[in-house]
$ cat coords_12.pdb   # PDB, C-alpha atoms, pLDDT in the B column
MODEL        1
ATOM      1  CA  MET A  44       6.504 -15.755 -13.614  1.00 91.00           C
ATOM      2  CA  ARG A  45       3.293 -13.785 -13.207  1.00 93.00           C
ATOM      3  CA  TRP A  46       1.925 -11.773 -10.308  1.00 94.00           C
ATOM      4  CA  GLN A  47      -1.534 -10.378  -9.737  1.00 95.00           C
ATOM      5  CA  LEU A  48      -1.204  -7.676  -7.090  1.00 94.00           C
ATOM      6  CA  GLN A  49      -4.348  -6.329  -5.463  1.00 95.00           C
ATOM      7  CA  TYR A  50      -3.835  -3.005  -3.679  1.00 95.00           C
ATOM      8  CA  LEU A  51      -6.337  -1.631  -1.170  1.00 96.00           C
ATOM      9  CA  GLY A  52      -6.131   1.481   0.975  1.00 96.00           C
ATOM     10  CA  LEU A  53      -3.433   3.203  -1.093  1.00 97.00           C
ATOM     11  CA  THR A  54      -2.601   6.737  -0.002  1.00 97.00           C
ATOM     12  CA  ASP A  55      -2.324   9.580  -2.533  1.00 97.00           C
ATOM     13  CA  ARG A  56       1.460   9.262  -2.362  1.00 96.00           C
ATOM     14  CA  GLU A  57       1.383   5.499  -2.984  1.00 96.00           C
ATOM     15  CA  ARG A  58      -1.050   5.914  -5.872  1.00 97.00           C
ATOM     16  CA  THR A  59       1.235   8.499  -7.457  1.00 97.00           C
ATOM     17  CA  ALA A  60       4.247   6.206  -7.121  1.00 94.00           C
ATOM     18  CA  ILE A  61       2.446   3.388  -9.001  1.00 96.00           C
ATOM     19  CA  GLU A  62       1.272   5.781 -11.708  1.00 96.00           C
ATOM     20  CA  GLN A  63       4.756   7.242 -12.148  1.00 96.00           C
ATOM     21  CA  LEU A  64       6.297   3.773 -12.524  1.00 95.00           C
ATOM     22  CA  PHE A  65       3.629   2.799 -15.063  1.00 96.00           C
ATOM     23  CA  GLU A  66       4.254   5.975 -17.069  1.00 96.00           C
ATOM     24  CA  ALA A  67       8.056   5.587 -16.915  1.00 95.00           C
ATOM     25  CA  ALA A  68       7.770   1.988 -18.141  1.00 95.00           C
ATOM     26  CA  GLU A  69       5.297   3.098 -20.849  1.00 95.00           C
ATOM     27  CA  GLY A  70       2.941   0.287 -19.954  1.00 94.00           C
ATOM     28  CA  ARG A  71       4.238  -3.023 -21.284  1.00 95.00           C
ATOM     29  CA  LEU A  72       7.037  -1.455 -23.314  1.00 95.00           C
ATOM     30  CA  THR A  73      10.039  -1.430 -20.945  1.00 96.00           C
ATOM     31  CA  THR A  74      11.199  -3.525 -18.015  1.00 95.00           C
ATOM     32  CA  PHE A  75      12.100  -2.753 -14.407  1.00 93.00           C
ATOM     33  CA  SER A  76      13.306  -4.658 -11.341  1.00 93.00           C
ATOM     34  CA  PHE A  77      10.634  -6.237  -9.160  1.00 95.00           C
ATOM     35  CA  LEU A  78      11.336  -7.547  -5.664  1.00 95.00           C
ATOM     36  CA  ASP A  79       8.936 -10.342  -4.809  1.00 93.00           C
ATOM     37  CA  PRO A  80       7.534  -9.438  -1.372  1.00 88.00           C
ATOM     38  CA  THR A  81       6.927 -13.122  -0.553  1.00 89.00           C
ATOM     39  CA  ASP A  82      10.410 -14.428  -1.378  1.00 95.00           C
ATOM     40  CA  ASN A  83      14.017 -14.436  -0.168  1.00 98.00           C
ATOM     41  CA  LEU A  84      16.084 -11.974  -2.220  1.00 98.00           C
ATOM     42  CA  LEU A  85      19.389 -13.777  -1.614  1.00 98.00           C
ATOM     43  CA  LEU A  86      20.688 -16.576  -3.836  1.00 98.00           C
ATOM     44  CA  TRP A  87      22.136 -19.779  -2.335  1.00 98.00           C
ATOM     45  CA  SER A  88      20.963 -18.883   1.164  1.00 98.00           C
ATOM     46  CA  GLU A  89      22.769 -21.846   2.770  1.00 97.00           C
ATOM     47  CA  ASP A  90      25.911 -22.145   0.619  1.00 97.00           C
ATOM     48  CA  TYR A  91      28.634 -19.537   1.129  1.00 96.00           C
ATOM     49  CA  THR A  92      30.916 -21.348  -1.345  1.00 95.00           C
ATOM     50  CA  LYS A  93      28.875 -20.149  -4.336  1.00 97.00           C
ATOM     51  CA  SER A  94      30.223 -17.277  -6.422  1.00 96.00           C
ATOM     52  CA  VAL A  95      27.299 -14.985  -5.515  1.00 97.00           C
ATOM     53  CA  TRP A  96      28.850 -14.722  -2.050  1.00 98.00           C
ATOM     54  CA  THR A  97      31.973 -12.589  -1.631  1.00 97.00           C
ATOM     55  CA  VAL A  98      33.943 -14.234   1.182  1.00 97.00           C
ATOM     56  CA  ASP A  99      37.120 -12.599   2.495  1.00 97.00           C
ATOM     57  CA  PRO A 100      40.186 -14.823   1.975  1.00 96.00           C
ATOM     58  CA  LEU A 101      40.890 -15.519   5.651  1.00 97.00           C
ATOM     59  CA  LEU A 102      37.306 -16.413   6.499  1.00 97.00           C
ATOM     60  CA  GLN A 103      36.951 -20.181   6.659  1.00 97.00           C
ATOM     61  CA  VAL A 104      33.564 -21.735   5.867  1.00 97.00           C
ATOM     62  CA  THR A 105      32.728 -25.325   6.781  1.00 97.00           C
ATOM     63  CA  SER A 106      29.424 -26.845   5.684  1.00 96.00           C
ATOM     64  CA  GLY A 107      27.494 -29.775   7.164  1.00 96.00           C
ATOM     65  CA  ILE A 108      27.002 -28.233  10.609  1.00 97.00           C
ATOM     66  CA  THR A 109      23.884 -29.052  12.634  1.00 96.00           C
ATOM     67  CA  ASP A 110      21.258 -26.369  11.959  1.00 97.00           C
ATOM     68  CA  PRO A 111      18.537 -25.041  14.311  1.00 97.00           C
ATOM     69  CA  PHE A 112      15.947 -27.449  12.894  1.00 96.00           C
ATOM     70  CA  GLY A 113      17.941 -30.620  13.447  1.00 95.00           C
ATOM     71  CA  GLY A 114      19.351 -30.929   9.927  1.00 96.00           C
ATOM     72  CA  SER A 115      22.935 -30.476   8.787  1.00 96.00           C
ATOM     73  CA  ASP A 116      22.585 -27.393   6.581  1.00 97.00           C
ATOM     74  CA  ALA A 117      24.300 -24.791   8.766  1.00 98.00           C
ATOM     75  CA  THR A 118      27.761 -23.400   8.051  1.00 97.00           C
ATOM     76  CA  GLN A 119      30.569 -22.780  10.509  1.00 97.00           C
ATOM     77  CA  VAL A 120      32.276 -19.460   9.780  1.00 97.00           C
ATOM     78  CA  THR A 121      35.711 -18.842  11.324  1.00 98.00           C
ATOM     79  CA  ASN A 122      37.795 -15.688  11.087  1.00 98.00           C
ATOM     80  CA  THR A 123      41.449 -16.775  11.045  1.00 97.00           C
ATOM     81  CA  ALA A 124      42.728 -13.227  10.448  1.00 97.00           C
ATOM     82  CA  GLN A 125      43.897 -10.529  12.841  1.00 95.00           C
ATOM     83  CA  ALA A 126      41.288  -8.129  11.441  1.00 97.00           C
ATOM     84  CA  ALA A 127      37.576  -8.285  10.651  1.00 97.00           C
ATOM     85  CA  GLN A 128      36.512 -10.576   7.789  1.00 98.00           C
ATOM     86  CA  SER A 129      33.136 -10.875   6.133  1.00 97.00           C
ATOM     87  CA  ALA A 130      30.813 -12.791   3.816  1.00 98.00           C
ATOM     88  CA  ALA A 131      28.615 -10.592   1.629  1.00 98.00           C
ATOM     89  CA  GLN A 132      26.080 -10.741  -1.164  1.00 98.00           C
ATOM     90  CA  SER A 133      24.730  -7.906  -3.329  1.00 97.00           C
ATOM     91  CA  ILE A 134      21.273  -7.743  -4.898  1.00 97.00           C
ATOM     92  CA  GLY A 135      19.895  -5.622  -7.723  1.00 94.00           C
ATOM     93  CA  GLY A 136      17.419  -3.685  -5.631  1.00 93.00           C
ATOM     94  CA  ALA A 137      17.066   0.008  -4.873  1.00 93.00           C
ATOM     95  CA  SER A 138      19.339   0.865  -1.953  1.00 94.00           C
ATOM     96  CA  TRP A 139      16.845   3.377  -0.537  1.00 93.00           C
ATOM     97  CA  PHE A 140      14.193   0.676  -0.054  1.00 93.00           C
ATOM     98  CA  GLN A 141      13.478  -0.807   3.367  1.00 95.00           C
ATOM     99  CA  TYR A 142      15.007  -4.274   3.776  1.00 97.00           C
ATOM    100  CA  CYS A 143      15.086  -6.846   6.542  1.00 97.00           C
ATOM    101  CA  PHE A 144      18.144  -9.104   6.754  1.00 98.00           C
ATOM    102  CA  SER A 145      17.830 -12.170   8.982  1.00 98.00           C
ATOM    103  CA  VAL A 146      20.050 -15.143   9.784  1.00 98.00           C
ATOM    104  CA  TYR A 147      20.143 -17.829  12.463  1.00 98.00           C
ATOM    105  CA  LEU A 148      23.349 -17.698  14.547  1.00 98.00           C
ATOM    106  CA  ARG A 149      25.025 -19.538  17.410  1.00 98.00           C
ATOM    107  CA  SER A 150      28.526 -19.812  18.855  1.00 97.00           C
ATOM    108  CA  ASP A 151      30.272 -22.162  21.293  1.00 95.00           C
ATOM    109  CA  THR A 152      31.685 -19.026  22.910  1.00 94.00           C
ATOM    110  CA  PRO A 153      29.426 -15.956  23.195  1.00 94.00           C
ATOM    111  CA  SER A 154      30.628 -13.241  20.817  1.00 94.00           C
ATOM    112  CA  THR A 155      29.492 -10.170  18.907  1.00 97.00           C
ATOM    113  CA  ILE A 156      29.429  -9.829  15.136  1.00 97.00           C
ATOM    114  CA  GLN A 157      28.190  -7.120  12.770  1.00 97.00           C
ATOM    115  CA  ILE A 158      25.383  -7.145  10.236  1.00 98.00           C
ATOM    116  CA  VAL A 159      26.150  -4.498   7.621  1.00 98.00           C
ATOM    117  CA  PHE A 160      24.147  -2.922   4.793  1.00 97.00           C
ATOM    118  CA  SER A 161      26.280  -1.001   2.275  1.00 97.00           C
ATOM    119  CA  ALA A 162      25.765   0.998  -0.922  1.00 96.00           C
ATOM    120  CA  ALA A 163      27.418   4.000  -2.588  1.00 92.00           C
ATOM    121  CA  GLY A 164      30.203   4.071   0.006  1.00 92.00           C
ATOM    122  CA  GLN A 165      27.705   4.277   2.874  1.00 95.00           C
ATOM    123  CA  GLU A 166      27.168   1.683   5.591  1.00 96.00           C
ATOM    124  CA  LEU A 167      24.467   0.803   8.088  1.00 96.00           C
ATOM    125  CA  ARG A 168      25.814  -1.351  10.927  1.00 96.00           C
ATOM    126  CA  SER A 169      24.292  -3.299  13.772  1.00 96.00           C
ATOM    127  CA  ALA A 170      26.140  -5.213  16.506  1.00 97.00           C
ATOM    128  CA  ILE A 171      24.632  -8.661  17.056  1.00 97.00           C
ATOM    129  CA  ALA A 172      25.267 -10.666  20.229  1.00 97.00           C
ATOM    130  CA  VAL A 173      25.666 -14.366  19.409  1.00 97.00           C
ATOM    131  CA  SER A 174      24.948 -16.836  22.206  1.00 97.00           C
ATOM    132  CA  THR A 175      25.380 -20.579  22.605  1.00 97.00           C
ATOM    133  CA  MET A 176      21.734 -21.109  21.593  1.00 97.00           C
ATOM    134  CA  TRP A 177      20.409 -20.711  18.067  1.00 98.00           C
ATOM    135  CA  THR A 178      18.854 -17.248  17.713  1.00 97.00           C
ATOM    136  CA  ARG A 179      17.467 -15.518  14.657  1.00 98.00           C
ATOM    137  CA  ALA A 180      19.211 -12.163  14.293  1.00 97.00           C
ATOM    138  CA  THR A 181      17.460  -9.444  12.269  1.00 97.00           C
ATOM    139  CA  LYS A 182      18.418  -6.027  10.962  1.00 96.00           C
ATOM    140  CA  THR A 183      16.101  -3.602   9.177  1.00 96.00           C
ATOM    141  CA  GLY A 184      17.115  -0.469   7.312  1.00 96.00           C
ATOM    142  CA  SER A 185      17.922   1.313   4.073  1.00 94.00           C
ATOM    143  CA  ILE A 186      20.733   3.335   2.489  1.00 95.00           C
ATOM    144  CA  PRO A 187      19.820   6.857   1.255  1.00 91.00           C
ATOM    145  CA  SER A 188      21.255   6.664  -2.264  1.00 90.00           C
ATOM    146  CA  ASN A 189      19.867   6.261  -5.785  1.00 88.00           C
ATOM    147  CA  LEU A 190      21.827   3.107  -6.616  1.00 89.00           C
ATOM    148  CA  ASP A 191      19.965   0.007  -7.780  1.00 91.00           C
ATOM    149  CA  VAL A 192      22.318  -2.281  -5.878  1.00 95.00           C
ATOM    150  CA  ILE A 193      22.820  -2.925  -2.176  1.00 97.00           C
ATOM    151  CA  SER A 194      25.072  -5.341  -0.295  1.00 97.00           C
ATOM    152  CA  PHE A 195      24.352  -7.316   2.874  1.00 98.00           C
ATOM    153  CA  ARG A 196      27.136  -8.896   4.889  1.00 97.00           C
ATOM    154  CA  LEU A 197      28.081 -10.738   8.052  1.00 98.00           C
ATOM    155  CA  GLU A 198      31.285  -9.344   9.542  1.00 98.00           C
ATOM    156  CA  LEU A 199      33.240 -11.312  12.144  1.00 98.00           C
ATOM    157  CA  PRO A 200      35.932  -9.799  14.384  1.00 97.00           C
ATOM    158  CA  ALA A 201      39.379 -11.379  14.598  1.00 97.00           C
ATOM    159  CA  GLY A 202      39.287 -14.910  15.986  1.00 95.00           C
ATOM    160  CA  ALA A 203      35.498 -15.205  16.019  1.00 96.00           C
ATOM    161  CA  ARG A 204      33.780 -18.487  15.126  1.00 97.00           C
ATOM    162  CA  VAL A 205      30.017 -18.749  14.631  1.00 98.00           C
ATOM    163  CA  SER A 206      27.559 -21.122  13.014  1.00 98.00           C
ATOM    164  CA  ALA A 207      25.154 -19.521  10.538  1.00 98.00           C
ATOM    165  CA  PHE A 208      21.998 -20.782   8.862  1.00 98.00           C
ATOM    166  CA  GLY A 209      19.216 -19.393   6.705  1.00 98.00           C
ATOM    167  CA  ALA A 210      20.454 -16.039   5.431  1.00 98.00           C
ATOM    168  CA  GLN A 211      17.477 -14.091   4.129  1.00 98.00           C
ATOM    169  CA  VAL A 212      16.726 -10.594   2.810  1.00 98.00           C
ATOM    170  CA  GLU A 213      13.154  -9.386   2.351  1.00 97.00           C
ATOM    171  CA  PRO A 214      11.779  -6.068   1.044  1.00 95.00           C
ATOM    172  CA  GLN A 215       9.841  -5.331   4.221  1.00 93.00           C
ATOM    173  CA  LEU A 216      10.192  -4.152   7.813  1.00 92.00           C
ATOM    174  CA  ALA A 217      10.225  -7.520   9.583  1.00 94.00           C
ATOM    175  CA  ALA A 218      11.439 -11.055   8.971  1.00 95.00           C
ATOM    176  CA  GLY A 219       8.979 -13.552   7.545  1.00 95.00           C
ATOM    177  CA  HIS A 220       9.132 -17.336   7.425  1.00 96.00           C
ATOM    178  CA  TYR A 221      12.527 -18.533   6.187  1.00 97.00           C
ATOM    179  CA  LYS A 222      12.631 -19.564   2.506  1.00 97.00           C
ATOM    180  CA  LYS A 223      15.620 -21.567   1.295  1.00 97.00           C
ATOM    181  CA  THR A 224      16.991 -20.491  -2.091  1.00 98.00           C
ATOM    182  CA  LEU A 225      19.319 -22.090  -4.623  1.00 97.00           C
ATOM    183  CA  ASP A 226      20.017 -20.491  -8.021  1.00 95.00           C
ATOM    184  CA  ARG A 227      16.788 -18.481  -8.083  1.00 94.00           C
ATOM    185  CA  ALA A 228      15.642 -15.802  -5.645  1.00 96.00           C
ATOM    186  CA  GLY A 229      13.058 -13.037  -5.407  1.00 96.00           C
ATOM    187  CA  VAL A 230      14.823 -10.391  -7.555  1.00 96.00           C
ATOM    188  CA  TYR A 231      13.356 -10.185 -11.073  1.00 95.00           C
ATOM    189  CA  SER A 232      15.229  -7.617 -13.151  1.00 91.00           C
ATOM    190  CA  GLY A 233      13.260  -8.167 -16.383  1.00 92.00           C
ATOM    191  CA  THR A 234       9.759  -7.448 -15.121  1.00 96.00           C
ATOM    192  CA  ARG A 235       7.124  -5.537 -17.064  1.00 97.00           C
ATOM    193  CA  PHE A 236       3.488  -4.565 -16.695  1.00 97.00           C
ATOM    194  CA  ASP A 237       1.193  -7.075 -18.385  1.00 96.00           C
ATOM    195  CA  SER A 238      -1.188  -4.407 -19.624  1.00 94.00           C
ATOM    196  CA  ASP A 239      -1.078  -1.025 -21.361  1.00 94.00           C
ATOM    197  CA  SER A 240      -3.799   0.340 -19.111  1.00 94.00           C
ATOM    198  CA  LEU A 241      -3.873   1.050 -15.409  1.00 94.00           C
ATOM    199  CA  THR A 242      -7.173   1.592 -13.622  1.00 94.00           C
ATOM    200  CA  ILE A 243      -7.110   3.081 -10.133  1.00 96.00           C
ATOM    201  CA  THR A 244     -10.302   3.610  -8.154  1.00 96.00           C
ATOM    202  CA  THR A 245     -10.649   6.336  -5.524  1.00 96.00           C
ATOM    203  CA  ASP A 246     -12.703   4.883  -2.670  1.00 94.00           C
ATOM    204  CA  THR A 247     -12.506   7.794  -0.214  1.00 95.00           C
ATOM    205  CA  PRO A 248     -10.182  10.807   0.087  1.00 95.00           C
ATOM    206  CA  ASN A 249      -6.569   9.560   0.268  1.00 96.00           C
ATOM    207  CA  GLN A 250      -7.754   5.956  -0.144  1.00 97.00           C
ATOM    208  CA  HIS A 251      -7.401   4.193  -3.502  1.00 97.00           C
ATOM    209  CA  SER A 252      -7.462   0.651  -4.884  1.00 97.00           C
ATOM    210  CA  CYS A 253      -6.179  -1.045  -8.022  1.00 96.00           C
ATOM    211  CA  SER A 254      -5.108  -4.372  -9.495  1.00 96.00           C
ATOM    212  CA  VAL A 255      -1.678  -4.663 -11.135  1.00 96.00           C
ATOM    213  CA  SER A 256      -0.546  -7.543 -13.368  1.00 96.00           C
ATOM    214  CA  LEU A 257       3.191  -8.153 -13.772  1.00 96.00           C
ATOM    215  CA  VAL A 258       5.137 -10.691 -15.829  1.00 97.00           C
ATOM    216  CA  SER A 259       8.826 -11.596 -15.872  1.00 95.00           C
ATOM    217  CA  SER A 260      11.019 -13.968 -17.859  1.00 85.00           C
ATOM    218  CA  LEU A 261      13.065 -16.241 -15.605  1.00 72.00           C
TER     219      LEU A 261
ENDMDL
END

$ encode --input "coords_12.pdb" --output "structure tokens"
Amino acid sequence: MRWQLQYLGLTDRERTAIEQLFEAAEGRLTTFSFLDPTDNLLLWSEDYTKSVWTVDPLLQVTSGITDPFGGSDATQVTNTAQAAQSAAQSIGGASWFQYCFSVYLRSDTPSTIQIVFSAAGQELRSAIAVSTMWTRATKTGSIPSNLDVISFRLELPAGARVSAFGAQVEPQLAAGHYKKTLDRAGVYSGTRFDSDSLTITTDTPNQHSCSVSLVSSL
């Protein structure tokens, strides 16, 4: 995979961040994790039975449910326990980064579930009202820690039953168009610069531009 990233209007702070990453990686020498800004960072976005998802033991998942686009790719999630149960997935991205988690939800009986970000023993929670109509729920935020891993989960209260479709995490402040994933997503841990030189042009004070080439083995 290769990316050609064209940056315009960089602030002094943003320019410094790019330069520091380039220096830390020593040009093409070492690798780092790159989060594709155009992709879904979650694996198997429609299949909670895959091992990348951590599903609590008393949370039942049933596939083949009618989804919001008329297909049968949604999943019914039922909490059969007397306490909250959840389905979660972790990604290898910096926990302090801004992420947007989105998922389509509906329920035969209106209910409230939680979307939770967690890292380093810290949590960021948001109560989501689920109605009888398909609605895309979104949650944006970050965890202030230095860990390069963060978890995203749907948490259902006791007895709750909802249908879910199209789980997606993006490294940005708002949800983009849904992108279905299977065994490949937008987290590339073995990424490196594709050049040993970095040219940044100062256009005006506090405004810079540059082109960055990246390459990653799949």

$ closest_atom_pairs --input "coords_12.pdb" --of "range 162-244 of chain A" --to "range 67-88 of chain A" --cutoff "7 Å" --atoms "only C-alpha atoms" --output "Markdown table"
| residue | atom | partner | partner_atom | distance |
| --- | --- | --- | --- | --- |
| A:Gly209 | CA | A:Ser88 | CA | 5.8 |
| A:Ala210 | CA | A:Ser88 | CA | 5.2 |
| A:Gln211 | CA | A:Asn83 | CA | 5.5 |
| A:Val212 | CA | A:Leu84 | CA | 5.3 |
| A:Glu213 | CA | A:Asn83 | CA | 5.7 |
| A:Pro214 | CA | A:Pro80 | CA | 5.9 |
| A:Lys222 | CA | A:Asn83 | CA | 5.9 |
| A:Lys223 | CA | A:Ser88 | CA | 6.0 |
| A:Thr224 | CA | A:Trp87 | CA | 5.2 |
| A:Leu225 | CA | A:Trp87 | CA | 4.3 |
| A:Asp226 | CA | A:Leu86 | CA | 5.8 |
| A:Arg227 | CA | A:Leu86 | CA | 6.1 |
| A:Ala228 | CA | A:Leu84 | CA | 5.2 |
| A:Gly229 | CA | A:Leu84 | CA | 4.5 |
| A:Val230 | CA | A:Leu78 | CA | 4.9 |
| A:Tyr231 | CA | A:Phe77 | CA | 5.2 |
| A:Ser232 | CA | A:Ser76 | CA | 4.0 |
| A:Gly233 | CA | A:Thr74 | CA | 5.3 |
| A:Thr234 | CA | A:Thr74 | CA | 5.1 |
| A:Arg235 | CA | A:Thr74 | CA | 4.6 |
| A:Phe236 | CA | A:Arg71 | CA | 4.9 |
| A:Asp237 | CA | A:Arg71 | CA | 5.8 |
| A:Ser238 | CA | A:Arg71 | CA | 5.8 |
| A:Asp239 | CA | A:Gly70 | CA | 4.5 |
| A:Ser240 | CA | A:Gly70 | CA | 6.8 |

$ write_last_selection --input "coords_12.pdb" --atoms "C-alpha atoms" --output "compact mmCIF listing (two decimals), in the frame of the given file"
# COMPACT_ATOMS: atom_id res chain seq x y z
CA GLY A 209 19.22 -19.39 6.70
CA ALA A 210 20.45 -16.04 5.43
CA GLN A 211 17.48 -14.09 4.13
CA VAL A 212 16.73 -10.59 2.81
CA GLU A 213 13.15 -9.39 2.35
CA PRO A 214 11.78 -6.07 1.04
CA LYS A 222 12.63 -19.56 2.51
CA LYS A 223 15.62 -21.57 1.30
CA THR A 224 16.99 -20.49 -2.09
CA LEU A 225 19.32 -22.09 -4.62
CA ASP A 226 20.02 -20.49 -8.02
CA ARG A 227 16.79 -18.48 -8.08
CA ALA A 228 15.64 -15.80 -5.64
CA GLY A 229 13.06 -13.04 -5.41
CA VAL A 230 14.82 -10.39 -7.56
CA TYR A 231 13.36 -10.18 -11.07
CA SER A 232 15.23 -7.62 -13.15
CA GLY A 233 13.26 -8.17 -16.38
CA THR A 234 9.76 -7.45 -15.12
CA ARG A 235 7.12 -5.54 -17.06
CA PHE A 236 3.49 -4.57 -16.70
CA ASP A 237 1.19 -7.08 -18.39
CA SER A 238 -1.19 -4.41 -19.62
CA ASP A 239 -1.08 -1.02 -21.36
CA SER A 240 -3.80 0.34 -19.11

$ residues_near_point --input "coords_12.pdb" --point "(-6.0, -5.3, -4.7)" --cutoff "12 Å" --atoms "all atoms listed in the file" --output "list in words"
Trp46, Gln47, Leu48, Gln49, Tyr50, Leu51, Gly52, Leu53, Thr242, Ile243, Thr244, His251, Ser252, Cys253, Ser254, Val255 and Ser256 of chain A

$ closest_residue --input "coords_12.pdb" --among "A:Thr178, A:Ser150, A:Ser138, A:Ser145" --to "Glu166 in chain A" --atoms "all atoms listed in the file"
A:Ser138

$ atom_distance --input "coords_12.pdb" --atom1 "CA of Leu102 in chain A" --atom2 "CA of Asp90 in chain A"
14.0 Å

$ axis_aligned_box --input "coords_12.pdb" --around "range 86-97 of chain A" --padding-each-side "4 Å" --output "JSON"
{"center_x": 26.3, "center_y": -17.4, "center_z": -1.8, "size_x": 19.3, "size_y": 17.6, "size_z": 17.2}

$ atom_distance --input "coords_12.pdb" --atom1 "CA of Gly135 in chain A" --atom2 "CA of Ala172 in chain A"
28.9 Å

$ atom_distance --input "coords_12.pdb" --atom1 "CA of Gly184 in chain A" --atom2 "CA of Ala137 in chain A"
12.2 Å

$ residues_near_point --input "coords_12.pdb" --point "(10.1, -9.2, 10.9)" --cutoff "10 Å" --atoms "only C-alpha atoms" --output "list in words"
Tyr142, Cys143, Phe144, Ser145, Thr181, Lys182, Thr183, Glu213, Gln215, Leu216, Ala217, Ala218, Gly219 and His220 of chain A

$ resolve_selection --input "coords_12.pdb" --expression "the PyMOL selection byres ((chain A and resi 175) around 8)" --output "list in words"
Arg149, Ser150, Asp151, Thr152, Pro153, Val173, Ser174, Met176 and Trp177 of chain A

$ closest_residue --input "coords_12.pdb" --among "A:Ala117, A:Ile61, A:Ala130, A:Leu261" --to "Leu148 in chain A" --atoms "all atoms listed in the file"
A:Ala117

$ closest_residue --input "coords_12.pdb" --among "A:Arg45, A:Thr121, A:Ala127, A:Thr59" --to "Gln250 in chain A" --atoms "all atoms listed in the file"
A:Thr59

$ resolve_selection --input "coords_12.pdb" --expression "the PyMOL selection byres ((chain A and resi 187) around 8)" --output "PyMOL selection string"
chain A and resi 138-139+185-186+188-189

$ closest_residue --input "coords_12.pdb" --among "A:Pro111, A:Asp55, A:Gly202, A:Ser260" --to "Gln125 in chain A" --atoms "all atoms listed in the file"
A:Gly202

$ decode --input "coords_12.pdb" --residues "range 152-163 of chain A" --atoms "N, CA and C atoms" --output "PDB file, in the first residue's frame"
ATOM      1  N   THR A 152     -38.074  -2.400  21.057  1.00  0.00           N
ATOM      2  CA  THR A 152     -38.499  -1.632  22.226  1.00  0.00           C
ATOM      3  C   THR A 152     -37.472  -0.549  22.501  1.00  0.00           C
ATOM      4  N   PRO A 153     -37.852   0.726  22.511  1.00  0.00           N
ATOM      5  CA  PRO A 153     -36.876   1.790  22.745  1.00  0.00           C
ATOM      6  C   PRO A 153     -36.049   1.518  24.001  1.00  0.00           C
ATOM      7  N   SER A 154     -34.742   1.711  23.894  1.00  0.00           N
ATOM      8  CA  SER A 154     -33.847   1.452  25.021  1.00  0.00           C
ATOM      9  C   SER A 154     -32.646   2.378  24.940  1.00  0.00           C
ATOM     10  N   THR A 155     -31.774   2.285  25.910  1.00  0.00           N
ATOM     11  CA  THR A 155     -30.563   3.100  25.954  1.00  0.00           C
ATOM     12  C   THR A 155     -29.358   2.199  26.167  1.00  0.00           C
ATOM     13  N   ILE A 156     -28.359   2.338  25.318  1.00  0.00           N
ATOM     14  CA  ILE A 156     -27.129   1.578  25.472  1.00  0.00           C
ATOM     15  C   ILE A 156     -25.973   2.565  25.649  1.00  0.00           C
ATOM     16  N   GLN A 157     -24.775   2.037  25.838  1.00  0.00           N
ATOM     17  CA  GLN A 157     -23.591   2.872  26.004  1.00  0.00           C
ATOM     18  C   GLN A 157     -22.582   2.588  24.897  1.00  0.00           C
ATOM     19  N   ILE A 158     -22.010   3.656  24.358  1.00  0.00           N
ATOM     20  CA  ILE A 158     -20.807   3.546  23.535  1.00  0.00           C
ATOM     21  C   ILE A 158     -19.649   3.970  24.415  1.00  0.00           C
ATOM     22  N   VAL A 159     -18.604   3.122  24.469  1.00  0.00           N
ATOM     23  CA  VAL A 159     -17.511   3.349  25.413  1.00  0.00           C
ATOM     24  C   VAL A 159     -16.166   3.288  24.703  1.00  0.00           C
ATOM     25  N   PHE A 160     -15.329   4.315  24.940  1.00  0.00           N
ATOM     26  CA  PHE A 160     -13.921   4.279  24.550  1.00  0.00           C
ATOM     27  C   PHE A 160     -13.142   3.954  25.816  1.00  0.00           C
ATOM     28  N   SER A 161     -12.112   3.099  25.732  1.00  0.00           N
ATOM     29  CA  SER A 161     -11.328   2.794  26.928  1.00  0.00           C
ATOM     30  C   SER A 161      -9.861   2.565  26.577  1.00  0.00           C
ATOM     31  N   ALA A 162      -8.993   3.003  27.486  1.00  0.00           N
ATOM     32  CA  ALA A 162      -7.546   2.804  27.348  1.00  0.00           C
ATOM     33  C   ALA A 162      -6.901   3.150  28.681  1.00  0.00           C
ATOM     34  N   ALA A 163      -5.884   2.386  29.057  1.00  0.00           N
ATOM     35  CA  ALA A 163      -5.101   2.666  30.267  1.00  0.00           C
ATOM     36  C   ALA A 163      -5.977   2.806  31.504  1.00  0.00           C
TER      37      ALA A 163
END
